[in-house]
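A.B. asks: Got a file for you: input_11.cif, mmCIF, C-alpha atoms and all ligand atoms; chains and numbers go by the auth columns.
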data_structure
loop_
_atom_site.group_PDB
_atom_site.id
_atom_site.type_symbol
_atom_site.label_atom_id
_atom_site.label_comp_id
_atom_site.label_asym_id
_atom_site.label_seq_id
_atom_site.Cartn_x
_atom_site.Cartn_y
_atom_site.Cartn_z
_atom_site.B_iso_or_equiv
_atom_site.auth_seq_id
_atom_site.auth_asym_id
ATOM 1 C CA MET A 1 154.251 40.868 288.718 0.00 1369 A
ATOM 2 C CA LYS A 2 153.958 38.435 291.625 0.00 1370 A
ATOM 3 C CA LYS A 3 156.358 35.478 291.388 0.00 1371 A
ATOM 4 C CA ILE A 4 155.846 32.174 293.117 0.00 1372 A
ATOM 5 C CA ILE A 5 157.682 28.907 293.761 0.00 1373 A
ATOM 6 C CA VAL A 6 156.268 25.837 292.022 0.00 1374 A
ATOM 7 C CA THR A 7 157.354 22.418 293.278 0.00 1375 A
ATOM 8 C CA ILE A 8 156.923 19.248 291.238 0.00 1376 A
ATOM 9 C CA ASP A 9 157.569 15.997 293.063 0.00 1377 A
ATOM 10 C CA GLY A 10 156.739 12.428 292.178 0.00 1378 A
ATOM 11 C CA TRP A 11 157.868 8.991 291.138 0.00 1379 A
ATOM 12 C CA SER A 12 160.838 8.352 288.841 0.00 1380 A
ATOM 13 C CA SER A 13 160.180 8.891 285.134 0.00 1381 A
ATOM 14 C CA CYS A 14 156.674 10.235 285.282 0.00 1382 A
ATOM 15 C CA GLY A 15 157.579 13.276 283.230 0.00 1383 A
ATOM 16 C CA LYS A 16 158.301 15.761 286.022 0.00 1384 A
ATOM 17 C CA SER A 17 161.150 17.435 284.203 0.00 1385 A
ATOM 18 C CA THR A 18 159.192 17.785 280.954 0.00 1386 A
ATOM 19 C CA ILE A 19 156.328 19.604 282.591 0.00 1387 A
ATOM 20 C CA ALA A 20 158.638 21.592 284.888 0.00 1388 A
ATOM 21 C CA LYS A 21 160.711 22.831 281.935 0.00 1389 A
ATOM 22 C CA GLN A 22 157.657 23.787 279.890 0.00 1390 A
ATOM 23 C CA LEU A 23 156.051 25.514 282.820 0.00 1391 A
ATOM 24 C CA ALA A 24 159.209 27.494 283.599 0.00 1392 A
ATOM 25 C CA LYS A 25 159.507 28.531 279.959 0.00 1393 A
ATOM 26 C CA SER A 26 155.878 29.669 279.731 0.00 1394 A
ATOM 27 C CA LEU A 27 156.165 31.676 282.937 0.00 1395 A
ATOM 28 C CA GLY A 28 159.680 33.041 282.337 0.00 1396 A
ATOM 29 C CA TYR A 29 160.817 31.270 285.524 0.00 1397 A
ATOM 30 C CA VAL A 30 164.057 29.439 286.310 0.00 1398 A
ATOM 31 C CA TYR A 31 163.870 25.644 286.092 0.00 1399 A
ATOM 32 C CA ILE A 32 165.939 23.532 288.473 0.00 1400 A
ATOM 33 C CA ASP A 33 166.297 19.759 288.182 0.00 1401 A
ATOM 34 C CA SER A 34 167.189 18.790 291.754 0.00 1402 A
ATOM 35 C CA GLY A 35 167.725 15.139 290.746 0.00 1403 A
ATOM 36 C CA ALA A 36 170.621 16.281 288.539 0.00 1404 A
ATOM 37 C CA MET A 37 172.401 17.474 291.692 0.00 1405 A
ATOM 38 C CA TYR A 38 172.107 14.054 293.378 0.00 1406 A
ATOM 39 C CA ARG A 39 173.232 12.448 290.127 0.00 1407 A
ATOM 40 C CA ALA A 40 176.301 14.743 289.860 0.00 1408 A
ATOM 41 C CA ILE A 41 177.282 13.975 293.465 0.00 1409 A
ATOM 42 C CA THR A 42 176.927 10.252 292.683 0.00 1410 A
ATOM 43 C CA LEU A 43 179.109 10.650 289.597 0.00 1411 A
ATOM 44 C CA TYR A 44 181.791 12.349 291.692 0.00 1412 A
ATOM 45 C CA PHE A 45 181.670 9.561 294.303 0.00 1413 A
ATOM 46 C CA LEU A 46 181.923 6.843 291.638 0.00 1414 A
ATOM 47 C CA ARG A 47 184.747 8.480 289.731 0.00 1415 A
ATOM 48 C CA ASN A 48 186.767 9.140 292.866 0.00 1416 A
ATOM 49 C CA HIS A 49 186.038 5.789 294.503 0.00 1417 A
ATOM 50 C CA ILE A 50 184.500 7.427 297.547 0.00 1418 A
ATOM 51 C CA ASP A 51 183.193 4.916 300.080 0.00 1419 A
ATOM 52 C CA TRP A 52 179.833 6.581 300.786 0.00 1420 A
ATOM 53 C CA THR A 53 179.153 4.286 303.732 0.00 1421 A
ATOM 54 C CA ASP A 54 181.972 6.141 305.541 0.00 1422 A
ATOM 55 C CA PRO A 55 180.680 9.504 306.897 0.00 1423 A
ATOM 56 C CA ALA A 56 184.185 11.000 307.116 0.00 1424 A
ATOM 57 C CA ALA A 57 184.850 10.168 303.453 0.00 1425 A
ATOM 58 C CA VAL A 58 181.520 11.713 302.432 0.00 1426 A
ATOM 59 C CA GLU A 59 182.179 14.868 304.433 0.00 1427 A
ATOM 60 C CA GLU A 60 185.624 15.268 302.900 0.00 1428 A
ATOM 61 C CA ALA A 61 184.364 14.588 299.361 0.00 1429 A
ATOM 62 C CA LEU A 62 181.557 17.159 299.639 0.00 1430 A
ATOM 63 C CA HIS A 63 184.200 19.862 300.264 0.00 1431 A
ATOM 64 C CA HIS A 64 185.482 19.183 296.762 0.00 1432 A
ATOM 65 C CA ILE A 65 182.145 19.306 295.003 0.00 1433 A
ATOM 66 C CA ASN A 66 180.915 22.477 293.389 0.00 1434 A
ATOM 67 C CA LEU A 67 177.559 22.237 291.635 0.00 1435 A
ATOM 68 C CA HIS A 68 175.921 24.813 289.419 0.00 1436 A
ATOM 69 C CA PHE A 69 173.600 25.048 286.452 0.00 1437 A
ATOM 70 C CA VAL A 70 174.429 26.887 283.228 0.00 1438 A
ATOM 71 C CA TYR A 71 171.715 27.720 280.727 0.00 1439 A
ATOM 72 C CA ASN A 72 172.605 26.421 277.265 0.00 1440 A
ATOM 73 C CA THR A 73 170.985 28.648 274.671 0.00 1441 A
ATOM 74 C CA LYS A 74 171.300 25.969 271.977 0.00 1442 A
ATOM 75 C CA SER A 75 169.656 23.093 273.834 0.00 1443 A
ATOM 76 C CA MET A 76 167.482 25.618 275.721 0.00 1444 A
ATOM 77 C CA ASN A 77 168.180 23.642 278.859 0.00 1445 A
ATOM 78 C CA SER A 78 169.837 24.335 282.208 0.00 1446 A
ATOM 79 C CA GLU A 79 172.797 21.981 282.259 0.00 1447 A
ATOM 80 C CA MET A 80 174.491 20.492 285.299 0.00 1448 A
ATOM 81 C CA TYR A 81 178.115 21.421 285.969 0.00 1449 A
ATOM 82 C CA LEU A 82 180.298 19.507 288.402 0.00 1450 A
ATOM 83 C CA ASN A 83 183.439 21.496 289.233 0.00 1451 A
ATOM 84 C CA GLU A 84 183.394 23.422 285.922 0.00 1452 A
ATOM 85 C CA GLU A 85 182.715 20.298 283.837 0.00 1453 A
ATOM 86 C CA ASN A 86 179.447 19.871 281.964 0.00 1454 A
ATOM 87 C CA VAL A 87 178.150 16.485 283.179 0.00 1455 A
ATOM 88 C CA GLU A 88 174.585 16.829 281.913 0.00 1456 A
ATOM 89 C CA TYR A 89 174.934 13.846 279.548 0.00 1457 A
ATOM 90 C CA MET A 90 176.998 11.573 281.805 0.00 1458 A
ATOM 91 C CA ILE A 91 174.702 11.821 284.825 0.00 1459 A
ATOM 92 C CA ARG A 92 171.874 10.198 282.804 0.00 1460 A
ATOM 93 C CA ASP A 93 173.889 7.007 282.381 0.00 1461 A
ATOM 94 C CA MET A 94 172.654 3.718 283.879 0.00 1462 A
ATOM 95 C CA VAL A 95 175.822 3.448 286.010 0.00 1463 A
ATOM 96 C CA VAL A 96 174.744 6.610 287.833 0.00 1464 A
ATOM 97 C CA ALA A 97 171.028 5.644 287.819 0.00 1465 A
ATOM 98 C CA GLU A 98 171.887 2.419 289.631 0.00 1466 A
ATOM 99 C CA LYS A 99 173.550 4.184 292.561 0.00 1467 A
ATOM 100 C CA VAL A 100 171.909 7.576 292.831 0.00 1468 A
ATOM 101 C CA SER A 101 169.016 6.559 295.095 0.00 1469 A
ATOM 102 C CA GLU A 102 171.453 5.007 297.539 0.00 1470 A
ATOM 103 C CA VAL A 103 173.608 8.153 297.597 0.00 1471 A
ATOM 104 C CA ALA A 104 170.464 10.281 298.008 0.00 1472 A
ATOM 105 C CA THR A 105 169.636 8.483 301.277 0.00 1473 A
ATOM 106 C CA ILE A 106 172.725 9.993 302.979 0.00 1474 A
ATOM 107 C CA ALA A 107 171.704 12.779 305.358 0.00 1475 A
ATOM 108 C CA MET A 108 174.910 14.770 304.776 0.00 1476 A
ATOM 109 C CA VAL A 109 174.408 14.644 301.014 0.00 1477 A
ATOM 110 C CA ARG A 110 170.821 15.854 301.369 0.00 1478 A
ATOM 111 C CA THR A 111 171.767 18.723 303.691 0.00 1479 A
ATOM 112 C CA PHE A 112 174.405 19.797 301.156 0.00 1480 A
ATOM 113 C CA ALA A 113 171.973 19.686 298.202 0.00 1481 A
ATOM 114 C CA VAL A 114 168.960 21.169 300.010 0.00 1482 A
ATOM 115 C CA ALA A 115 170.928 24.226 301.224 0.00 1483 A
ATOM 116 C CA GLN A 116 171.872 25.049 297.630 0.00 1484 A
ATOM 117 C CA GLN A 117 168.341 24.429 296.353 0.00 1485 A
ATOM 118 C CA GLN A 118 166.896 26.795 298.960 0.00 1486 A
ATOM 119 C CA LYS A 119 169.346 29.524 297.914 0.00 1487 A
ATOM 120 C CA MET A 120 168.278 29.098 294.281 0.00 1488 A
ATOM 121 C CA GLY A 121 164.675 29.744 295.286 0.00 1489 A
ATOM 122 C CA ALA A 122 165.359 32.813 297.405 0.00 1490 A
ATOM 123 C CA GLU A 123 164.097 35.170 294.693 0.00 1491 A
ATOM 124 C CA LYS A 124 161.062 32.969 293.872 0.00 1492 A
ATOM 125 C CA GLY A 125 160.114 32.687 290.159 0.00 1493 A
ATOM 126 C CA ILE A 126 161.345 29.107 290.136 0.00 1494 A
ATOM 127 C CA VAL A 127 160.027 25.674 289.173 0.00 1495 A
ATOM 128 C CA MET A 128 161.927 22.858 290.861 0.00 1496 A
ATOM 129 C CA ASP A 129 161.319 19.162 290.426 0.00 1497 A
ATOM 130 C CA GLY A 130 162.431 16.263 292.617 0.00 1498 A
ATOM 131 C CA ARG A 131 161.196 14.092 295.474 0.00 1499 A
ATOM 132 C CA ASP A 132 161.185 16.308 298.574 0.00 1500 A
ATOM 133 C CA ILE A 133 160.799 19.768 297.102 0.00 1501 A
ATOM 134 C CA GLY A 134 157.268 20.399 298.403 0.00 1502 A
ATOM 135 C CA THR A 135 157.879 18.653 301.726 0.00 1503 A
ATOM 136 C CA THR A 136 161.411 19.701 302.739 0.00 1504 A
ATOM 137 C CA VAL A 137 163.038 22.189 300.365 0.00 1505 A
ATOM 138 C CA PHE A 138 160.136 24.637 299.955 0.00 1506 A
ATOM 139 C CA PRO A 139 157.412 23.629 302.432 0.00 1507 A
ATOM 140 C CA ASP A 140 155.810 27.091 301.974 0.00 1508 A
ATOM 141 C CA ALA A 141 155.718 27.001 298.158 0.00 1509 A
ATOM 142 C CA ALA A 142 152.573 28.547 296.674 0.00 1510 A
ATOM 143 C CA LEU A 143 151.931 25.665 294.297 0.00 1511 A
ATOM 144 C CA LYS A 144 152.875 22.026 294.865 0.00 1512 A
ATOM 145 C CA ILE A 145 152.215 19.397 292.238 0.00 1513 A
ATOM 146 C CA PHE A 146 152.685 15.674 292.856 0.00 1514 A
ATOM 147 C CA MET A 147 152.998 13.650 289.673 0.00 1515 A
ATOM 148 C CA THR A 148 152.248 10.061 289.018 0.00 1516 A
ATOM 149 C CA ALA A 149 151.663 7.750 286.045 0.00 1517 A
ATOM 150 C CA ASP A 150 151.194 4.013 285.797 0.00 1518 A
ATOM 151 C CA ILE A 151 154.352 1.909 285.984 0.00 1519 A
ATOM 152 C CA MET A 152 154.381 0.562 282.424 0.00 1520 A
ATOM 153 C CA THR A 153 153.846 4.033 280.986 0.00 1521 A
ATOM 154 C CA ARG A 154 156.819 5.236 282.999 0.00 1522 A
ATOM 155 C CA VAL A 155 158.979 2.269 281.996 0.00 1523 A
ATOM 156 C CA GLU A 156 158.235 2.787 278.301 0.00 1524 A
ATOM 157 C CA ARG A 157 159.007 6.502 278.499 0.00 1525 A
ATOM 158 C CA ARG A 158 162.334 5.920 280.245 0.00 1526 A
ATOM 159 C CA PHE A 159 163.187 3.017 277.933 0.00 1527 A
ATOM 160 C CA LYS A 160 162.780 5.224 274.850 0.00 1528 A
ATOM 161 C CA GLU A 161 165.076 7.836 276.393 0.00 1529 A
ATOM 162 C CA MET A 162 167.756 5.312 277.380 0.00 1530 A
ATOM 163 C CA TYR A 163 167.564 3.237 274.201 0.00 1531 A
ATOM 164 C CA GLU A 164 168.841 6.182 272.155 0.00 1532 A
ATOM 165 C CA LYS A 165 172.061 6.103 274.180 0.00 1533 A
ATOM 166 C CA ASN A 166 172.302 2.381 274.737 0.00 1534 A
ATOM 167 C CA PRO A 167 170.529 0.056 272.276 0.00 1535 A
ATOM 168 C CA ASN A 168 171.481 -2.970 274.424 0.00 1536 A
ATOM 169 C CA ILE A 169 169.232 -1.902 277.258 0.00 1537 A
ATOM 170 C CA THR A 170 166.140 -4.018 277.934 0.00 1538 A
ATOM 171 C CA LEU A 171 162.666 -3.093 279.126 0.00 1539 A
ATOM 172 C CA ASP A 172 163.175 -5.373 282.148 0.00 1540 A
ATOM 173 C CA GLU A 173 166.381 -3.590 283.195 0.00 1541 A
ATOM 174 C CA VAL A 174 164.651 -0.231 283.008 0.00 1542 A
ATOM 175 C CA LYS A 175 161.649 -1.551 284.953 0.00 1543 A
ATOM 176 C CA SER A 176 163.734 -3.007 287.781 0.00 1544 A
ATOM 177 C CA ASN A 177 165.805 0.179 288.016 0.00 1545 A
ATOM 178 C CA LEU A 178 162.649 2.318 288.306 0.00 1546 A
ATOM 179 C CA GLU A 179 161.075 0.010 290.890 0.00 1547 A
ATOM 180 C CA MET A 180 164.269 -0.073 292.926 0.00 1548 A
ATOM 181 C CA ARG A 181 164.575 3.729 292.895 0.00 1549 A
ATOM 182 C CA ASP A 182 160.915 4.223 293.805 0.00 1550 A
ATOM 183 C CA TYR A 183 161.335 1.803 296.700 0.00 1551 A
ATOM 184 C CA ILE A 184 164.515 3.411 298.067 0.00 1552 A
ATOM 185 C CA ASP A 185 163.228 6.972 297.484 0.00 1553 A
ATOM 186 C CA SER A 186 159.982 6.364 299.363 0.00 1554 A
ATOM 187 C CA ASN A 187 161.440 4.288 302.196 0.00 1555 A
ATOM 188 C CA ARG A 188 164.535 6.257 303.194 0.00 1556 A
ATOM 189 C CA GLU A 189 164.716 7.867 306.626 0.00 1557 A
ATOM 190 C CA VAL A 190 165.536 11.437 305.599 0.00 1558 A
ATOM 191 C CA SER A 191 162.930 13.258 303.492 0.00 1559 A
ATOM 192 C CA PRO A 192 161.335 10.230 301.836 0.00 1560 A
ATOM 193 C CA LEU A 193 159.261 10.733 298.714 0.00 1561 A
ATOM 194 C CA ARG A 194 155.820 11.779 299.991 0.00 1562 A
ATOM 195 C CA MET A 195 153.001 13.818 298.613 0.00 1563 A
ATOM 196 C CA ALA A 196 152.808 17.031 300.675 0.00 1564 A
ATOM 197 C CA GLU A 197 149.414 17.472 302.340 0.00 1565 A
ATOM 198 C CA ASP A 198 148.737 20.608 300.331 0.00 1566 A
ATOM 199 C CA ALA A 199 149.974 19.195 296.996 0.00 1567 A
ATOM 200 C CA ILE A 200 147.764 18.612 293.974 0.00 1568 A
ATOM 201 C CA LEU A 201 147.917 15.134 292.451 0.00 1569 A
ATOM 202 C CA LEU A 202 148.472 15.011 288.692 0.00 1570 A
ATOM 203 C CA ASP A 203 148.276 11.617 286.995 0.00 1571 A
ATOM 204 C CA ASN A 204 149.529 12.054 283.446 0.00 1572 A
ATOM 205 C CA THR A 205 149.146 8.431 282.241 0.00 1573 A
ATOM 206 C CA LYS A 206 146.518 9.464 279.746 0.00 1574 A
ATOM 207 C CA LEU A 207 147.457 13.088 279.215 0.00 1575 A
ATOM 208 C CA THR A 208 149.328 14.610 276.298 0.00 1576 A
ATOM 209 C CA MET A 209 152.126 17.075 277.046 0.00 1577 A
ATOM 210 C CA GLU A 210 149.863 19.930 275.945 0.00 1578 A
ATOM 211 C CA GLU A 211 147.062 18.801 278.253 0.00 1579 A
ATOM 212 C CA GLN A 212 149.303 18.487 281.292 0.00 1580 A
ATOM 213 C CA LEU A 213 150.900 21.876 280.642 0.00 1581 A
ATOM 214 C CA ASP A 214 147.465 23.419 280.312 0.00 1582 A
ATOM 215 C CA ILE A 215 146.410 21.961 283.679 0.00 1583 A
ATOM 216 C CA ALA A 216 149.613 23.206 285.341 0.00 1584 A
ATOM 217 C CA LEU A 217 149.248 26.706 283.855 0.00 1585 A
ATOM 218 C CA LYS A 218 145.679 26.929 285.165 0.00 1586 A
ATOM 219 C CA LEU A 219 146.874 25.886 288.628 0.00 1587 A
ATOM 220 C CA VAL A 220 149.536 28.617 288.527 0.00 1588 A
ATOM 221 C CA ALA A 221 147.014 31.229 287.340 0.00 1589 A
ATOM 222 C CA LYS A 222 144.862 30.505 290.418 0.00 1590 A
ATOM 223 C CA LYS A 223 147.809 31.286 292.679 0.00 1591 A
ATOM 224 C CA LEU A 224 148.850 34.561 291.044 0.00 1592 A
HETATM 225 O O1 LIG B . 164.714 12.903 289.215 0.00 1601 A
HETATM 226 P P1 LIG B . 165.859 11.926 288.983 0.00 1601 A
HETATM 227 O O2 LIG B . 165.409 10.580 288.500 0.00 1601 A
HETATM 228 O O3 LIG B . 166.920 12.512 288.128 0.00 1601 A
HETATM 229 O O4 LIG B . 166.484 11.718 290.439 0.00 1601 A
HETATM 230 C C1 LIG B . 167.574 10.864 290.644 0.00 1601 A
HETATM 231 C C2 LIG B . 167.557 10.336 292.060 0.00 1601 A
HETATM 232 O O5 LIG B . 167.853 11.395 292.970 0.00 1601 A
HETATM 233 C C3 LIG B . 166.255 9.718 292.539 0.00 1601 A
HETATM 234 O O6 LIG B . 166.280 8.310 292.483 0.00 1601 A
HETATM 235 C C4 LIG B . 166.135 10.142 293.963 0.00 1601 A
HETATM 236 C C5 LIG B . 167.063 11.299 294.127 0.00 1601 A
HETATM 237 N N1 LIG B . 166.396 12.576 294.384 0.00 1601 A
HETATM 238 C C6 LIG B . 166.095 12.873 295.679 0.00 1601 A
HETATM 239 O O7 LIG B . 166.292 12.052 296.572 0.00 1601 A
HETATM 240 N N2 LIG B . 165.579 14.089 295.988 0.00 1601 A
HETATM 241 C C7 LIG B . 165.322 14.983 295.033 0.00 1601 A
HETATM 242 N N3 LIG B . 164.829 16.177 295.370 0.00 1601 A
HETATM 243 C C8 LIG B . 165.598 14.673 293.686 0.00 1601 A
HETATM 244 C C9 LIG B . 166.128 13.450 293.390 0.00 1601 A
#
Let's see the structure in the file written out as structure tokens.
C.D. replies:
Amino acid sequence: MKKIIVTIDGWSSCGKSTIAKQLAKSLGYVYIDSGAMYRAITLYFLRNHIDWTDPAAVEEALHHINLHFVYNTKSMNSEMYLNEENVEYMIRDMVVAEKVSEVATIAMVRTFAVAQQQKMGAEKGIVMDGRDIGTTVFPDAALKIFMTADIMTRVERRFKEMYEKNPNITLDEVKSNLEMRDYIDSNREVSPLRMAEDAILLDNTKLTMEEQLDIALKLVAKKL
């Protein structure tokens, strides 16, 4: 059966990974969370006190970073490994969230991540979510979805997720973090967050998970 590449880009916390995971599961495709790769690189930089404003330090550090995903049959999720360590939980921390957009502006970091993402898609049958997947990583993908949702809906969704880990977090902190990331992601020089010309806009503010999955599955069916 024909296999395609599905790209899902969009603003922070508008549910890209939820729909991407469900879609991959329904289709029997591989799901890749490209944001997890930028988060793992950020974690490495923070832990090792890498000065990411220094290109030589970044270049050297990238030589020591090995990223891969391992499918966990219990959580039914592809989990991010940084040099043989499962960092899936740690990369969701606010400390990483505060710096990841900045790290993701670095051209060398993007070249490093994009090359690996393109390899992962070589066999097709993949759903990848991120910010530049339809524009830079897979510009020829058969189906490109661009997701959006209104800001307060996104803030509340992310707040619920983060509150479970950190009950001291406030709605305001989450909102300013999202706004800051959206700003940096869409204003950086290299591969800024943009809707690809041939992408389909999906606003899920008022959609249930079932409804959005149904829409995505119908879009895939048209391409097969
Ligand atoms: O999807 P996420 O929130 O986990 O992504 C974390 C950050 O990584 C986000 O602020 C921007 C960056 N990112 C990126 O620049 N390009 C991607 N393809 C995915 C994420």
A.B. asks: Can you measure CA of Tyr1449 (chain A) to CA of His1436 (chain A) for me? One decimal in Å is fine.
C.D. replies: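 CA of Tyr1449 (chain A) sits 5.3 Å away from CA of His1436 (chain A).
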A.B. asks: Need the axis-aligned box for region 1388-1392 of chain A with 8 Å each side, so what are the centre and edges in Å to one decimal, as JSON?
C.D. replies:
{"center_x": 158.4, "center_y": 24.5, "center_z": 282.4, "size_x": 20.7, "size_y": 21.9, "size_z": 21.0}
A.B. asks: Find the residues of chain A that sit at most 9 Å from ligand LIG 1601 (chain A); for each, write down the nearest two atoms and how far apart they are in Å, to one decimal. Count only C-alpha atoms and all ligand atoms. Sort by chain, then by number going up, and give it as CSV.
C.D. replies:
residue,atom,partner,partner_atom,distance
A:Asp1377,CA,A:LIG1601,N3,7.6
A:Gly1378,CA,A:LIG1601,O1,8.5
A:Trp1379,CA,A:LIG1601,O1,8.1
A:Ser1380,CA,A:LIG1601,O2,5.1
A:Ser1381,CA,A:LIG1601,O2,6.4
A:Lys1384,CA,A:LIG1601,O1,7.7
A:Ser1385,CA,A:LIG1601,O1,7.6
A:Asp1401,CA,A:LIG1601,O1,7.1
A:Ser1402,CA,A:LIG1601,C8,4.8
A:Gly1403,CA,A:LIG1601,C9,3.5
A:Ala1404,CA,A:LIG1601,O3,5.3
A:Met1405,CA,A:LIG1601,C8,7.6
A:Tyr1406,CA,A:LIG1601,O5,5.0
A:Arg1407,CA,A:LIG1601,C1,5.9
A:Ile1459,CA,A:LIG1601,O3,8.5
A:Arg1460,CA,A:LIG1601,O3,7.6
A:Val1464,CA,A:LIG1601,C1,8.8
A:Ala1465,CA,A:LIG1601,C1,6.9
A:Glu1466,CA,A:LIG1601,O6,8.6
A:Lys1467,CA,A:LIG1601,O6,8.4
A:Val1468,CA,A:LIG1601,C2,5.2
A:Ser1469,CA,A:LIG1601,O6,4.2
A:Glu1470,CA,A:LIG1601,O6,8.0
A:Val1471,CA,A:LIG1601,C5,8.0
A:Ala1472,CA,A:LIG1601,O7,4.8
A:Thr1473,CA,A:LIG1601,O7,6.8
A:Arg1478,CA,A:LIG1601,O7,7.6
A:Ala1481,CA,A:LIG1601,N3,8.4
A:Val1482,CA,A:LIG1601,N3,8.0
A:Met1496,CA,A:LIG1601,N3,8.6
A:Asp1497,CA,A:LIG1601,N3,6.8
A:Gly1498,CA,A:LIG1601,N3,3.7
A:Arg1499,CA,A:LIG1601,N3,4.2
A:Asp1500,CA,A:LIG1601,N3,4.9
A:Ile1501,CA,A:LIG1601,N3,5.7
A:Thr1504,CA,A:LIG1601,N3,8.9
A:Val1505,CA,A:LIG1601,N3,8.0
A:Leu1546,CA,A:LIG1601,O6,8.2
A:Met1548,CA,A:LIG1601,O6,8.6
A:Arg1549,CA,A:LIG1601,O6,4.9
A:Asp1550,CA,A:LIG1601,O6,6.9
A:Ile1552,CA,A:LIG1601,O6,7.6
A:Asp1553,CA,A:LIG1601,C4,5.6
A:Ser1554,CA,A:LIG1601,O7,8.9
A:Arg1556,CA,A:LIG1601,O7,9.0
A:Ser1559,CA,A:LIG1601,O7,7.8
A:Pro1560,CA,A:LIG1601,O7,7.5
A:Leu1561,CA,A:LIG1601,O7,7.5
A.B. asks: State, in Å with one decimal place, the distance from CA of Ser1446 (chain A) to CA of Val1558 (chain A).
C.D. replies: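 A separation of 27.1 Å between them.
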A.B. asks: So which residues touch Val1463 (chain A) within 12 Å, counting only C-alpha atoms, skipping near sequence neighbours fewer than 6 positions away, as a compact mmCIF listing (two decimals) with C-alpha atoms, keeping the file's coordinate frame?
C.D. replies:
# COMPACT_ATOMS: atom_id res chain seq x y z
CA ARG A 1407 173.23 12.45 290.13
CA ALA A 1408 176.30 14.74 289.86
CA THR A 1410 176.93 10.25 292.68
CA LEU A 1411 179.11 10.65 289.60
CA PHE A 1413 181.67 9.56 294.30
CA LEU A 1414 181.92 6.84 291.64
CA ARG A 1415 184.75 8.48 289.73
CA SER A 1469 169.02 6.56 295.10
CA MET A 1530 167.76 5.31 277.38
CA ASN A 1534 172.30 2.38 274.74
CA ASN A 1545 165.80 0.18 288.02
A.B. asks: May I have a table of the residues of region 1483-1535 of chain A lying at most 12 Å from region 1575-1578 of chain A, giving each one's closest pair of atoms and their distance in Å to one decimal, counting all atoms listed in the file, ordered by chain and ascending residue number, as a Markdown table?
C.D. replies:
| residue | atom | partner | partner_atom | distance |
| --- | --- | --- | --- | --- |
| A:Met1515 | CA | A:Leu1575 | CA | 11.8 |
| A:Thr1516 | CA | A:Leu1575 | CA | 11.3 |
| A:Ala1517 | CA | A:Leu1575 | CA | 9.6 |
| A:Asp1518 | CA | A:Leu1575 | CA | 11.8 |
| A:Thr1521 | CA | A:Leu1575 | CA | 11.2 |
A.B. asks: Just so the selection is clear, what residues does the PyMOL selection byres (((chain A and resi 1398) around 7) and not hetatm) cover here, as a PyMOL selection string?
C.D. replies: chain A and resi 1392+1396-1397+1399-1400+1493-1495
A.B. asks: Can you work out which one of A:Ile1409, A:Met1444, A:Ile1583, A:Ile1373 has the shortest atom-to-atom distance to Leu1430 (chain A), counting all atoms listed in the file?
C.D. replies: A:Ile1409
A.B. asks: One decimal, in Å: what's the spacing between CA of Gln1484 (chain A) and CA of Leu1395 (chain A)?
C.D. replies: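 Rounded to one decimal, the two atoms are 22.5 Å apart.
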A.B. asks: Can you list, as a ChimeraX atom specification, the residues that the PyMOL selection byres (((chain A and resi 1387) around 9) and not hetatm) selects here?
C.D. replies: /A:1376,1383-1386,1388-1392,1577,1580-1581,1584
A.B. asks: Assuming the chain letters and numbering stay as they are in my file, what does the PyMOL selection byres (((chain A and resi 1568-1571) around 7) and not hetatm) actually select? List them as number ranges by chain.
C.D. replies: A: 1512-1517, 1566-1567, 1572-1573
A.B. asks: Pick from A:Tyr1412, A:Tyr1457, A:Phe1506, A:Tyr1551: nearest to Glu1529 (chain A), with all atoms listed in the file counted?
C.D. replies: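 Nearest candidate to Glu1529 (chain A) out of A:Tyr1412, A:Tyr1457, A:Phe1506, A:Tyr1551: A:Tyr1457.
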A.B. asks: Would you list the contacts of Glu1524 (chain A) as a list in words, taking every protein, DNA or RNA residue within 9 Å and counting only C-alpha atoms, but skipping same-chain residues closer than 6 positions in sequence?
C.D. replies: Leu1539, Val1542 and Lys1543 of chain A
